[in-house]
Structure formats: structure tokens, C-alpha cells
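Notes to accompany the following structure.
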Amino acid sequence: MDKNKMSLTMKVLVGMALGIALGLFFNLSGLNADGSFVNTYIVDGLFLIIGKMFVNALKMLVVPLVFFSLICGVCGIGNLKTLGRVGTKSFALYMMTTAIAITLAITIAASVGIGEGMNLESTASFTGKETPPLTQVLIDIIPSNPIHAMANGDMLPLIFFSILVGISLLMVGRKASSFIEGAEIANEVMMKMVTMVMTMAPYAVFALIAKSVAELGFDLLGQLAGYVGVLVGALLIHLFVTLMIVLKVFSGLSPRLFLQKIRNAQVFAFSTASSNATIPVTLRTVTERMGVNNSVASFTVPFGATINMDGTAIMQGVATVFIANVYGLDLGITGYLTVILMSVLASIGTAGVPGVGLIMLSMVFAQVGLPIEGIGLILGVDRLMDMIRTAVNVSGDAVVTSIVAKSEGKLSLETYNDVTAGAVMVDSIHIDDAVEQELAQAVQQTHDKQ
Ligand code: ASP
């Protein structure tokens with residue numbers, strides 16, 4: 001393969017591996033001690049800046065991308081009944097996969113008996129933050145001020161408003177056609193920006209991972225090996241077994257190809273620990289790599305990033321069993337059923353941003369009467385767990401998106417089955433010489449006229 005044409009995924013994976021290696025070196029050699037040169041100028045300096053700039057660049061794209069792609073999506077579907085069907089199907093599948101995830105997690109954790117007879121002292125204290133009550137979540141779906149919702153990046157009200165704009169455009173009809181065309185162009189422009197930002201990923205992922213690994217508490221990881229082991233095991237089983245069975249059974253699509261194509265989105269989710277920030281990449285992956293039509297993906301992807309969190313649910317299941325055992329409490333079957341219900345509901349009202357899983361967990365604990373300060377025990381390893389579970393969350397969004405699209409006849413099998421479809425090549429960012437000349441001429445003509 002031509003060196004310049006190395007696929008982006010390859011480059012990102014190399015960046016990730018180098019990041020892990022350097023992070024490990026900084027951590028284990030003690031070079032990253034508080035106040036040291038490496039800590040101040042490299043880890044908390046250069047790496048922090050590069051990482052944050054990159055995450056900002058991704059977040060920058062989320063709101064306009066969701067807005068324009070949803071308008072195009074709604075106008076593309078062009079019929080309210082289909083829209084309702086896509087909404088119902090994706091909602092049902094999202095809830096179903098989350099419920100399966102947490103049930104699996106509780107079953108595995110309880111049968112292993114993690115945390116039993118453990119005598120852990122926590123130094124970190126954790127005071128729970130409130131998650132919004134379900135009534136408020138429902139009320140807030142309708143934004144009192146759409147610009148405010150956009151400025152805050154509130155996904156559900158943004159989705160609601162964009163769908164409404166799309167429907168109204170359809171109702172206005174012919175007169176609105178140039179607006180729709182404009183939205184299509186804007187959507188294409190946003191997608192180009194996604195590709196542009198993605199090409200920066202190898203360097204940014206390197207910085208993000210090196211920083212996380214350099215700061216990782218390896219002693220803690222050892223102490224909590226049981227919790228970490230069971231959690232990671234349950235996450236992997238859900239990703240590679242449960243979700244792939246769901247994909248195959250409901251859509252007949254090849255799990256092998258799915259896993260191959262989703263890798264980029266997973267890496268982005270892993271390094272940013274945010275399903276929301278990954279929306280642009282997930283959207284690009286399902287449309288351009290897997291052949292899902294934008295009319296389905298523009299809705300299911302941002303919707304899933306907000307309400308679907310399989311990985312987070314798994315963490316909640318494992319953490320509940322773990323902490324209950326550490327404190328020697330028995331939740332009983334009703335307690336566990338409450339945990340399942342609460343986790344599924346909590347995932348609806350909370351956005352996919354870093355660390356939100358812990359907030360949801362405090363709500364679950366309060367409900368079943370587990371000590372909230374128990375969360376302090378797992379706090380130290382949560383960032384790493386957050387990265388892994390976010391990759392699972394995003395994979396779940398893509399699985400449901402593919403199933404819904406396939407069932408609606410909105411998935412191009414030709415694209416799905418083509419291994420190379422939509423792969424970002426590193427040299428794919430360039431402006432065509434002819435286009436550049438044309439643009440220059442157009443600008444010149446405008447000047448001449450003036
Ligand atoms: N970071 C996760 C996400 O964005 C949520 C969480 O588990 O904290 O999906």
C-alpha cells in the first residue's frame with residue numbers, strides 16, 4: 001500500500017499504541033510526579049492542550065451537524081408515519097439492549113461474587129449529584145428557546161426542534177425547496193469538516209491516551225482488580241457477543257464487517273469518553289462506511305448518544321453488586337430489579353458526556369439504599385472504565401441504527417459489504433486544482449463587477 005494512503009484507522013491505532021507506551025513510561029518511571037517538568041509542561045501542558053483542542057473541534061461540529069442532517073433526514077423520509085416508525089423502533093431497541101446489558105452485568109457480577117469479604121478503605125469521598133427527574137426530562141424535550149438548547153448542546157430539545165423544522169419545510173412544500181437544498185449543502189459541508197477533524201485524530205488520540213495513562217493510578221487498578229476485571233469482561237461480552245447476536249438476528253448483517261467498520265468510532269469514543277463528542281464520527285461511520293441512509297442515521301445516532309448507554313448500564317450493574325458486597329448488604333431480587341429499571345430510566349435523561357455514569361449511579365444507589373459514599377471506592381479507576389464503556393455505548397448506537405435502517409430498506413448492502421467503503425485515507429483532504437481555479441475566477445469576476 002502507498003505509504004501516504006495508509007488508512008486513518010491504522011494511523012490512529014499507531015497513535016494509540018504510542019500514547020499507551022509513553023504514558024506507561026511516564027507513569028511507571030515516576031516522571032509524571034506532581035510539579036515535575038514532565039507533568040507541568042508535557043502531560044498537563046502540551047498533551048492537555050492538544051487533547052482539549054481536538055475534543056473541542058469535535059464538539060464544535062455536533063450541534064450544526066445534528067441540526068442540518070436531521071432537517072435533511074426528515075425531508076428525505078418525507079412522511080410522518082415512517083418517521084414515527086423509525087422513532088418507535090429505535091427507542092424500543094435502545095431500551096431493550098440497555099436492559100439486556102444491565103441484566104447481564106448483574107448476573108455475571110453476582111455469580112462471581114465480586115467484592116465479597118473485601119476490606120476496602122476509600123480515601124476519595126463522593127457526594128452524589130442530582131440527575132434530573134423524569135418529569136423534567138420530558139418537559140425539557142420541548143425547548144423554550146431553541147438557540148439556548150443549541151448553545152448548551154442539549155440533544156433531545158435540539159432533535160425535537162430540528163425535526164419540527166424538517167416537518168414544517170415539507171408542509172410549506174415547493175417554496176421551501178431552496179431552504180432544503182441549502183440544508184443539504186450545509187450538511188455536506190459539515191461532513192467535510194468531520195473528515196478534516198478526523199485526520200488530526202492520530203496525533204490527538206496519542207496525546208489524549210498518553211495523558212490518561214500517565215495519570216492512571218496503577219496501585220488502585222491492582223486493588224480493584226476484581227471490579228475492573230469483571231466490568232471489562234462484561235463490557236467485552238456485551239460488545240462481541242450480545243450486540244453481535246442482536247445485530248445478526250434482527251438484521252442479518254455481518255457482525256465481522258460491523259466490527260471492522262465501527263473501529264474508528266470506538267477509538268474516538270475511547271479517547272474522548274464522550275458519546276456526544278463522537279456523534280460526528282459515528283454519523284460518518286454509519287452513513288459512509290455502513291451504507292445507512294442519512295434519513296435514519298441523522299435521527300438514531302444523536303438520539304442513541306443521549307438515551308442509549310449499554311456500557312454505562314453494565315458499569316452500574318457491576319458497581320451495585322460490588323459495593324453491596326463490600327458493605328455486606330443483600331439487595332434481594334426486588335433490589336436488583338429496581339436497579340435494572342432505574343438504570344434504564346436514568347440513561348434516558350442523561351447526556352453522553354464524560355463521567356455522567358457516576359451521577360446516574362448515585363441515583364440508583366439512593367433508590368436501593370446503598371451508601372452513596374461507596375462510589376468513592378471506584379472513583380479512582382472510573383476514567384479508564386468510562387473510556388471503555390463509552391466505546392460500548394457508541395457501538396450500541398451503531399448496531400441499533402443499522403438494524404432500524406435495514407428494516408426500513410434504508411441500508412445499502414453494497415456499501416455495507418464493501419470493506420473499503422468510506423474509509424478515510426490520510427490524503428483525502430485536498431482541494432481539487434480545477435475547483436480552486438474555478439473558485440478563484442468566480443471571486444475575480446465578482447470583484448471586477450464591483
Ligand atoms: N461517558 C459516557 C458516554 O458518553 C457516559 C458515562 O458512562 O459516563 O457515553
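Convention: chains lettered A, B, ... in C-alpha cells order; per-chain residue numbering from 1; ligands numbered from 1 as shown.
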Inset, instruction - List all protein, DNA and RNA residues that have an atom no more than 10 Å from any atom of ligand 1, counting only C-alpha atoms and all ligand atoms, and report them as an NGL selection string. - result: :A and (269-270 or 272-278 or 304-316 or 347 or 350-361 or 382-383 or 385-394)
Store the residues picked out above, limited to C-alpha atoms, as a short mmCIF file (atom, residue, chain, number, x, y, z; two decimals), in the first residue's frame.
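Result written to selection36.cif:
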data_model
loop_
_atom_site.label_atom_id
_atom_site.label_comp_id
_atom_site.auth_asym_id
_atom_site.auth_seq_id
_atom_site.Cartn_x
_atom_site.Cartn_y
_atom_site.Cartn_z
CA ALA A 269 -15.28 7.25 21.90
CA PHE A 270 -12.50 5.61 23.87
CA THR A 272 -12.84 11.29 24.34
CA ALA A 273 -15.02 9.30 26.81
CA SER A 274 -18.00 11.11 25.34
CA SER A 275 -20.71 9.65 23.11
CA ASN A 276 -21.87 13.18 22.35
CA ALA A 277 -18.49 14.38 21.10
CA THR A 278 -18.28 11.21 19.00
CA GLY A 304 -28.78 6.98 20.80
CA ALA A 305 -25.90 9.11 22.09
CA THR A 306 -28.36 10.60 24.54
CA ILE A 307 -30.63 7.77 25.58
CA ASN A 308 -28.68 4.60 24.86
CA MET A 309 -25.87 3.64 27.21
CA ASP A 310 -25.29 -0.08 27.32
CA GLY A 311 -21.76 0.25 28.65
CA THR A 312 -22.80 2.66 31.36
CA ALA A 313 -25.64 0.34 32.40
CA ILE A 314 -23.13 -2.51 32.67
CA MET A 315 -20.92 -0.39 34.91
CA GLN A 316 -23.91 0.38 37.11
CA SER A 347 -29.94 6.63 30.79
CA THR A 350 -28.56 12.00 30.94
CA ALA A 351 -26.33 13.11 28.12
CA GLY A 352 -23.38 11.10 26.82
CA VAL A 353 -20.57 13.14 28.34
CA PRO A 354 -17.58 12.03 30.41
CA GLY A 355 -18.27 10.77 33.89
CA VAL A 356 -22.03 11.00 33.73
CA GLY A 357 -22.32 7.31 34.58
CA LEU A 358 -21.25 8.03 38.16
CA ILE A 359 -24.02 10.58 38.57
CA MET A 360 -26.53 8.04 37.34
CA LEU A 361 -25.07 5.52 39.73
CA ASP A 382 -13.55 5.40 36.68
CA ARG A 383 -11.88 7.44 33.97
CA MET A 385 -13.71 2.47 32.76
CA ASP A 386 -15.52 5.49 31.28
CA MET A 387 -13.37 5.27 28.16
CA ILE A 388 -14.12 1.60 27.65
CA ARG A 389 -17.84 1.84 28.38
CA THR A 390 -18.24 4.83 26.06
CA ALA A 391 -16.83 2.73 23.20
CA VAL A 392 -19.51 0.13 24.01
CA ASN A 393 -22.22 2.83 24.20
CA VAL A 394 -21.33 4.10 20.75
#
Inset, instruction - Find the spatial neighbours of Leu331 in chain A, counting only C-alpha atoms, within a cut-off of 8 Å - ignore same-chain residues fewer than 5 positions away - and output them as a ChimeraX atom specification. - result: /A:324,336,368
Leaving out Ile403 in chain A and any residue of its chain fewer than 2 positions from it, which residues lie within 8 Å of it when counting only C-alpha atoms, given as an mmCIF file with all heavy atoms, in the first residue's frame?
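The resulting file, around-v6.cif, is reproduced below:
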data_model
loop_
_atom_site.group_PDB
_atom_site.id
_atom_site.type_symbol
_atom_site.label_atom_id
_atom_site.label_comp_id
_atom_site.auth_asym_id
_atom_site.auth_seq_id
_atom_site.Cartn_x
_atom_site.Cartn_y
_atom_site.Cartn_z
ATOM 1 N N LEU A 247 -27.534 -7.907 16.378
ATOM 2 C CA LEU A 247 -27.365 -7.414 15.003
ATOM 3 C C LEU A 247 -27.729 -8.491 13.985
ATOM 4 O O LEU A 247 -28.488 -8.262 13.035
ATOM 5 C CB LEU A 247 -25.918 -6.952 14.787
ATOM 6 C CG LEU A 247 -25.580 -6.457 13.384
ATOM 7 C CD1 LEU A 247 -26.167 -5.070 13.141
ATOM 8 C CD2 LEU A 247 -24.065 -6.403 13.152
ATOM 9 N N PHE A 250 -31.628 -9.550 14.208
ATOM 10 C CA PHE A 250 -32.606 -8.557 13.769
ATOM 11 C C PHE A 250 -32.373 -8.034 12.357
ATOM 12 O O PHE A 250 -33.271 -7.463 11.757
ATOM 13 C CB PHE A 250 -32.657 -7.378 14.741
ATOM 14 C CG PHE A 250 -33.401 -7.684 16.003
ATOM 15 C CD1 PHE A 250 -32.771 -8.257 17.094
ATOM 16 C CD2 PHE A 250 -34.763 -7.403 16.111
ATOM 17 C CE1 PHE A 250 -33.460 -8.543 18.266
ATOM 18 C CE2 PHE A 250 -35.464 -7.688 17.270
ATOM 19 C CZ PHE A 250 -34.819 -8.264 18.346
ATOM 20 N N SER A 251 -31.119 -8.147 11.859
ATOM 21 C CA SER A 251 -30.889 -7.554 10.533
ATOM 22 C C SER A 251 -30.228 -8.510 9.551
ATOM 23 O O SER A 251 -30.236 -8.268 8.351
ATOM 24 C CB SER A 251 -29.989 -6.322 10.678
ATOM 25 O OG SER A 251 -28.678 -6.740 11.001
ATOM 26 N N VAL A 399 -25.265 -0.298 16.226
ATOM 27 C CA VAL A 399 -25.973 -1.563 15.978
ATOM 28 C C VAL A 399 -27.457 -1.277 15.738
ATOM 29 O O VAL A 399 -28.047 -1.718 14.743
ATOM 30 C CB VAL A 399 -25.808 -2.540 17.183
ATOM 31 C CG1 VAL A 399 -26.816 -3.672 17.108
ATOM 32 C CG2 VAL A 399 -24.403 -3.111 17.212
ATOM 33 N N VAL A 400 -28.049 -0.500 16.648
ATOM 34 C CA VAL A 400 -29.477 -0.210 16.515
ATOM 35 C C VAL A 400 -29.751 0.579 15.225
ATOM 36 O O VAL A 400 -30.713 0.307 14.499
ATOM 37 C CB VAL A 400 -29.999 0.548 17.765
ATOM 38 C CG1 VAL A 400 -31.407 1.065 17.560
ATOM 39 C CG2 VAL A 400 -29.945 -0.376 18.981
ATOM 40 N N THR A 401 -28.873 1.534 14.921
ATOM 41 C CA THR A 401 -29.029 2.308 13.690
ATOM 42 C C THR A 401 -29.044 1.379 12.472
ATOM 43 O O THR A 401 -29.902 1.506 11.587
ATOM 44 C CB THR A 401 -27.871 3.327 13.562
ATOM 45 O OG1 THR A 401 -27.941 4.215 14.676
ATOM 46 C CG2 THR A 401 -27.959 4.110 12.274
ATOM 47 N N ALA A 405 -32.280 0.813 10.059
ATOM 48 C CA ALA A 405 -32.127 1.177 8.648
ATOM 49 C C ALA A 405 -32.408 -0.021 7.750
ATOM 50 O O ALA A 405 -33.104 0.079 6.741
ATOM 51 C CB ALA A 405 -30.718 1.700 8.403
ATOM 52 N N LYS A 406 -31.875 -1.175 8.127
ATOM 53 C CA LYS A 406 -32.067 -2.374 7.311
ATOM 54 C C LYS A 406 -33.570 -2.699 7.215
ATOM 55 O O LYS A 406 -34.094 -2.988 6.140
ATOM 56 C CB LYS A 406 -31.284 -3.535 7.933
ATOM 57 C CG LYS A 406 -31.445 -4.871 7.257
ATOM 58 C CD LYS A 406 -30.579 -4.957 6.016
ATOM 59 C CE LYS A 406 -30.906 -6.096 5.071
ATOM 60 N NZ LYS A 406 -31.325 -7.350 5.617
ATOM 61 N N SER A 407 -34.256 -2.602 8.378
ATOM 62 C CA SER A 407 -35.671 -2.973 8.378
ATOM 63 C C SER A 407 -36.519 -1.980 7.584
ATOM 64 O O SER A 407 -37.609 -2.299 7.143
ATOM 65 C CB SER A 407 -36.190 -3.055 9.824
ATOM 66 O OG SER A 407 -36.382 -1.761 10.318
#
Inset, instruction - Report the residues of range 53-136 of chain A whose backbone DSSP state falls under helix (DSSP H, G or I), written as an MDAnalysis selection string. - result: chainID A and resid 53:77 80:112 134:136
Inset, instruction - Calculate how many Å separate CA of Ile340 in chain A from CA of Leu134 in chain A, rounding to one decimal. - result: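 Between these atoms lies a distance of 15.7 Å.
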Report the closest atom pair, with its distance in Å rounded to one decimal, for each residue of range 150-203 of chain A that has an atom no farther than 10 Å from range 58-64 of chain A; count only C-alpha atoms, sort by chain and then rising residue number, and write it as a Markdown table.
| residue | atom | partner | partner_atom | distance |
| --- | --- | --- | --- | --- |
| A:Met150 | CA | A:Val63 | CA | 6.3 |
| A:Ala151 | CA | A:Val63 | CA | 8.3 |
| A:Asn152 | CA | A:Val63 | CA | 9.3 |
| A:Gly153 | CA | A:Val63 | CA | 6.3 |
| A:Asp154 | CA | A:Val63 | CA | 8.8 |
| A:Met155 | CA | A:Val63 | CA | 8.2 |
| A:Leu158 | CA | A:Val63 | CA | 7.9 |
| A:Ile159 | CA | A:Val63 | CA | 9.7 |
| A:Ala186 | CA | A:Pro64 | CA | 8.6 |
| A:Asn187 | CA | A:Pro64 | CA | 8.2 |
| A:Met190 | CA | A:Leu61 | CA | 6.9 |
| A:Met191 | CA | A:Leu61 | CA | 8.8 |
| A:Met193 | CA | A:Leu61 | CA | 7.7 |
| A:Val194 | CA | A:Leu61 | CA | 7.2 |
| A:Val197 | CA | A:Leu58 | CA | 7.0 |
| A:Met198 | CA | A:Leu58 | CA | 8.6 |
Write the residues of the selection above to a file with C-alpha atoms, as a PDB file, in the first residue's frame.
ATOM      1  CA  MET A 150     -28.213  24.653  20.775  1.00  0.00           C
ATOM      2  CA  ALA A 151     -25.818  26.782  22.786  1.00  0.00           C
ATOM      3  CA  ASN A 152     -25.954  24.241  25.595  1.00  0.00           C
ATOM      4  CA  GLY A 153     -25.722  21.277  23.243  1.00  0.00           C
ATOM      5  CA  ASP A 154     -28.893  19.787  24.761  1.00  0.00           C
ATOM      6  CA  MET A 155     -29.553  16.910  22.454  1.00  0.00           C
ATOM      7  CA  LEU A 158     -32.268  20.028  19.578  1.00  0.00           C
ATOM      8  CA  ILE A 159     -33.557  16.836  17.966  1.00  0.00           C
ATOM      9  CA  ALA A 186     -24.676  22.684   4.776  1.00  0.00           C
ATOM     10  CA  ASN A 187     -24.842  19.034   5.789  1.00  0.00           C
ATOM     11  CA  MET A 190     -20.272  19.765   7.931  1.00  0.00           C
ATOM     12  CA  MET A 191     -19.400  16.223   6.860  1.00  0.00           C
ATOM     13  CA  MET A 193     -15.328  19.246   8.362  1.00  0.00           C
ATOM     14  CA  VAL A 194     -15.775  15.941  10.177  1.00  0.00           C
ATOM     15  CA  VAL A 197     -11.053  16.962  12.061  1.00  0.00           C
ATOM     16  CA  MET A 198     -10.710  13.190  11.836  1.00  0.00           C
TER      17      MET A 198
END
Inset, instruction - Provide the CA of Met10 in chain A to CA of Ser271 in chain A distance in Å, to one decimal place. - result: 15.3 Å
Inset, instruction - Do a neighbour search on Ala110 in chain A at 10 Å with only C-alpha atoms, toss out local chain neighbours closer than 6 positions, and write the hits as a ChimeraX atom specification. - result: /A:104,116,317-318,320-322,325
Go ahead and save the residues from that selection, with N, CA, C and O atoms, as an mmCIF file, in the first residue's frame.
data_model
loop_
_atom_site.group_PDB
_atom_site.id
_atom_site.type_symbol
_atom_site.label_atom_id
_atom_site.label_comp_id
_atom_site.auth_asym_id
_atom_site.auth_seq_id
_atom_site.Cartn_x
_atom_site.Cartn_y
_atom_site.Cartn_z
ATOM 1 N N LEU A 104 -27.258 -8.688 32.222
ATOM 2 C CA LEU A 104 -26.046 -9.491 32.036
ATOM 3 C C LEU A 104 -24.986 -9.127 33.080
ATOM 4 O O LEU A 104 -24.370 -9.997 33.707
ATOM 5 N N GLU A 116 -16.881 -9.617 47.694
ATOM 6 C CA GLU A 116 -17.219 -10.323 48.932
ATOM 7 C C GLU A 116 -15.987 -10.439 49.822
ATOM 8 O O GLU A 116 -14.886 -10.716 49.334
ATOM 9 N N GLY A 317 -24.504 -1.959 36.902
ATOM 10 C CA GLY A 317 -24.834 -3.285 37.421
ATOM 11 C C GLY A 317 -23.679 -3.860 38.229
ATOM 12 O O GLY A 317 -23.849 -4.306 39.369
ATOM 13 N N VAL A 318 -22.486 -3.812 37.628
ATOM 14 C CA VAL A 318 -21.316 -4.393 38.302
ATOM 15 C C VAL A 318 -21.002 -3.607 39.582
ATOM 16 O O VAL A 318 -20.736 -4.188 40.639
ATOM 17 N N THR A 320 -23.015 -1.875 41.471
ATOM 18 C CA THR A 320 -24.017 -2.110 42.510
ATOM 19 C C THR A 320 -23.713 -3.402 43.265
ATOM 20 O O THR A 320 -23.682 -3.420 44.496
ATOM 21 N N VAL A 321 -23.473 -4.472 42.516
ATOM 22 C CA VAL A 321 -23.176 -5.750 43.162
ATOM 23 C C VAL A 321 -21.899 -5.634 43.992
ATOM 24 O O VAL A 321 -21.830 -6.070 45.139
ATOM 25 N N PHE A 322 -20.891 -4.999 43.400
ATOM 26 C CA PHE A 322 -19.591 -4.863 44.066
ATOM 27 C C PHE A 322 -19.728 -4.127 45.400
ATOM 28 O O PHE A 322 -19.299 -4.605 46.451
ATOM 29 N N ASN A 325 -21.720 -5.920 48.059
ATOM 30 C CA ASN A 325 -20.930 -6.989 48.676
ATOM 31 C C ASN A 325 -19.868 -6.451 49.622
ATOM 32 O O ASN A 325 -19.638 -7.014 50.685
#
Could you give me, as JSON lines, every range 36-104 of chain A residue with an atom at most 10 Å from range 215-224 of chain A, plus its closest atom pair and distance in Å to one decimal, counting only C-alpha atoms, rows ordered by chain then number?
{"residue": "A:Asn39", "atom": "CA", "partner": "A:Glu215", "partner_atom": "CA", "distance": 9.3}
{"residue": "A:Val43", "atom": "CA", "partner": "A:Glu215", "partner_atom": "CA", "distance": 8.5}
{"residue": "A:Asp44", "atom": "CA", "partner": "A:Glu215", "partner_atom": "CA", "distance": 9.8}
Can you pull out the residues contacting range 22-38 of chain A? Cut-off 10 Å, using only C-alpha atoms, and skip same-chain residues under 6 positions away; I want them as a PDB file with N, CA, C and O atoms, in the first residue's frame.
ATOM      1  N   MET A  16      -2.445   5.501  19.164  1.00  0.00           N
ATOM      2  CA  MET A  16      -2.936   4.999  20.432  1.00  0.00           C
ATOM      3  C   MET A  16      -1.865   4.138  21.131  1.00  0.00           C
ATOM      4  O   MET A  16      -1.601   4.297  22.318  1.00  0.00           O
ATOM      5  N   ASP A  44       0.304  17.824  31.539  1.00  0.00           N
ATOM      6  CA  ASP A  44      -0.736  18.821  31.797  1.00  0.00           C
ATOM      7  C   ASP A  44      -0.563  20.076  30.962  1.00  0.00           C
ATOM      8  O   ASP A  44      -1.285  21.055  31.138  1.00  0.00           O
ATOM      9  N   GLY A  45       0.436  20.075  30.090  1.00  0.00           N
ATOM     10  CA  GLY A  45       0.661  21.213  29.207  1.00  0.00           C
ATOM     11  C   GLY A  45       0.302  20.818  27.786  1.00  0.00           C
ATOM     12  O   GLY A  45      -0.854  20.885  27.386  1.00  0.00           O
ATOM     13  N   LEU A  46       1.312  20.337  27.068  1.00  0.00           N
ATOM     14  CA  LEU A  46       1.141  20.038  25.654  1.00  0.00           C
ATOM     15  C   LEU A  46       0.020  19.033  25.374  1.00  0.00           C
ATOM     16  O   LEU A  46      -0.869  19.280  24.552  1.00  0.00           O
ATOM     17  N   PHE A 206      -3.102  10.184  20.346  1.00  0.00           N
ATOM     18  CA  PHE A 206      -1.823   9.948  21.020  1.00  0.00           C
ATOM     19  C   PHE A 206      -1.753  10.787  22.304  1.00  0.00           C
ATOM     20  O   PHE A 206      -1.471  10.282  23.396  1.00  0.00           O
ATOM     21  N   ALA A 207      -2.057  12.091  22.196  1.00  0.00           N
ATOM     22  CA  ALA A 207      -1.956  12.987  23.350  1.00  0.00           C
ATOM     23  C   ALA A 207      -2.976  12.620  24.428  1.00  0.00           C
ATOM     24  O   ALA A 207      -2.652  12.564  25.616  1.00  0.00           O
ATOM     25  N   LEU A 208      -4.211  12.338  24.001  1.00  0.00           N
ATOM     26  CA  LEU A 208      -5.269  12.027  24.974  1.00  0.00           C
ATOM     27  C   LEU A 208      -4.943  10.754  25.751  1.00  0.00           C
ATOM     28  O   LEU A 208      -5.076  10.692  26.973  1.00  0.00           O
ATOM     29  N   ILE A 209      -4.491   9.737  25.023  1.00  0.00           N
ATOM     30  CA  ILE A 209      -4.226   8.455  25.678  1.00  0.00           C
ATOM     31  C   ILE A 209      -2.980   8.548  26.557  1.00  0.00           C
ATOM     32  O   ILE A 209      -2.959   8.060  27.683  1.00  0.00           O
ATOM     33  N   ALA A 210      -1.941   9.216  26.031  1.00  0.00           N
ATOM     34  CA  ALA A 210      -0.711   9.328  26.822  1.00  0.00           C
ATOM     35  C   ALA A 210      -1.023  10.028  28.140  1.00  0.00           C
ATOM     36  O   ALA A 210      -0.541   9.622  29.209  1.00  0.00           O
ATOM     37  N   LYS A 211      -1.846  11.061  28.084  1.00  0.00           N
ATOM     38  CA  LYS A 211      -2.188  11.797  29.306  1.00  0.00           C
ATOM     39  C   LYS A 211      -2.977  10.898  30.273  1.00  0.00           C
ATOM     40  O   LYS A 211      -2.657  10.813  31.453  1.00  0.00           O
ATOM     41  N   SER A 212      -3.975  10.202  29.760  1.00  0.00           N
ATOM     42  CA  SER A 212      -4.783   9.349  30.646  1.00  0.00           C
ATOM     43  C   SER A 212      -3.931   8.262  31.289  1.00  0.00           C
ATOM     44  O   SER A 212      -4.022   8.019  32.482  1.00  0.00           O
ATOM     45  N   VAL A 213      -3.099   7.608  30.475  1.00  0.00           N
ATOM     46  CA  VAL A 213      -2.303   6.506  31.021  1.00  0.00           C
ATOM     47  C   VAL A 213      -1.260   7.030  32.010  1.00  0.00           C
ATOM     48  O   VAL A 213      -1.024   6.431  33.056  1.00  0.00           O
ATOM     49  N   ALA A 214      -0.670   8.200  31.696  1.00  0.00           N
ATOM     50  CA  ALA A 214       0.337   8.765  32.598  1.00  0.00           C
ATOM     51  C   ALA A 214      -0.276   9.061  33.961  1.00  0.00           C
ATOM     52  O   ALA A 214       0.399   9.003  34.985  1.00  0.00           O
ATOM     53  N   GLU A 215      -1.561   9.385  33.966  1.00  0.00           N
ATOM     54  CA  GLU A 215      -2.204   9.763  35.226  1.00  0.00           C
ATOM     55  C   GLU A 215      -2.908   8.605  35.933  1.00  0.00           C
ATOM     56  O   GLU A 215      -3.474   8.767  36.998  1.00  0.00           O
ATOM     57  N   LEU A 216      -2.883   7.453  35.291  1.00  0.00           N
ATOM     58  CA  LEU A 216      -3.624   6.321  35.836  1.00  0.00           C
ATOM     59  C   LEU A 216      -3.014   5.829  37.148  1.00  0.00           C
ATOM     60  O   LEU A 216      -1.803   5.708  37.262  1.00  0.00           O
ATOM     61  N   GLY A 217      -3.864   5.543  38.102  1.00  0.00           N
ATOM     62  CA  GLY A 217      -3.345   5.017  39.365  1.00  0.00           C
ATOM     63  C   GLY A 217      -3.217   3.504  39.269  1.00  0.00           C
ATOM     64  O   GLY A 217      -4.191   2.780  39.402  1.00  0.00           O
ATOM     65  N   PHE A 218      -1.992   3.028  39.002  1.00  0.00           N
ATOM     66  CA  PHE A 218      -1.846   1.580  38.815  1.00  0.00           C
ATOM     67  C   PHE A 218      -2.020   0.793  40.114  1.00  0.00           C
ATOM     68  O   PHE A 218      -2.464  -0.347  40.093  1.00  0.00           O
TER      69      PHE A 218
END
Inset, instruction - Could you check how far CA of Val230 in chain A sits from CA of Ala109 in chain A, in Å to one decimal? - result: 6.5 Å
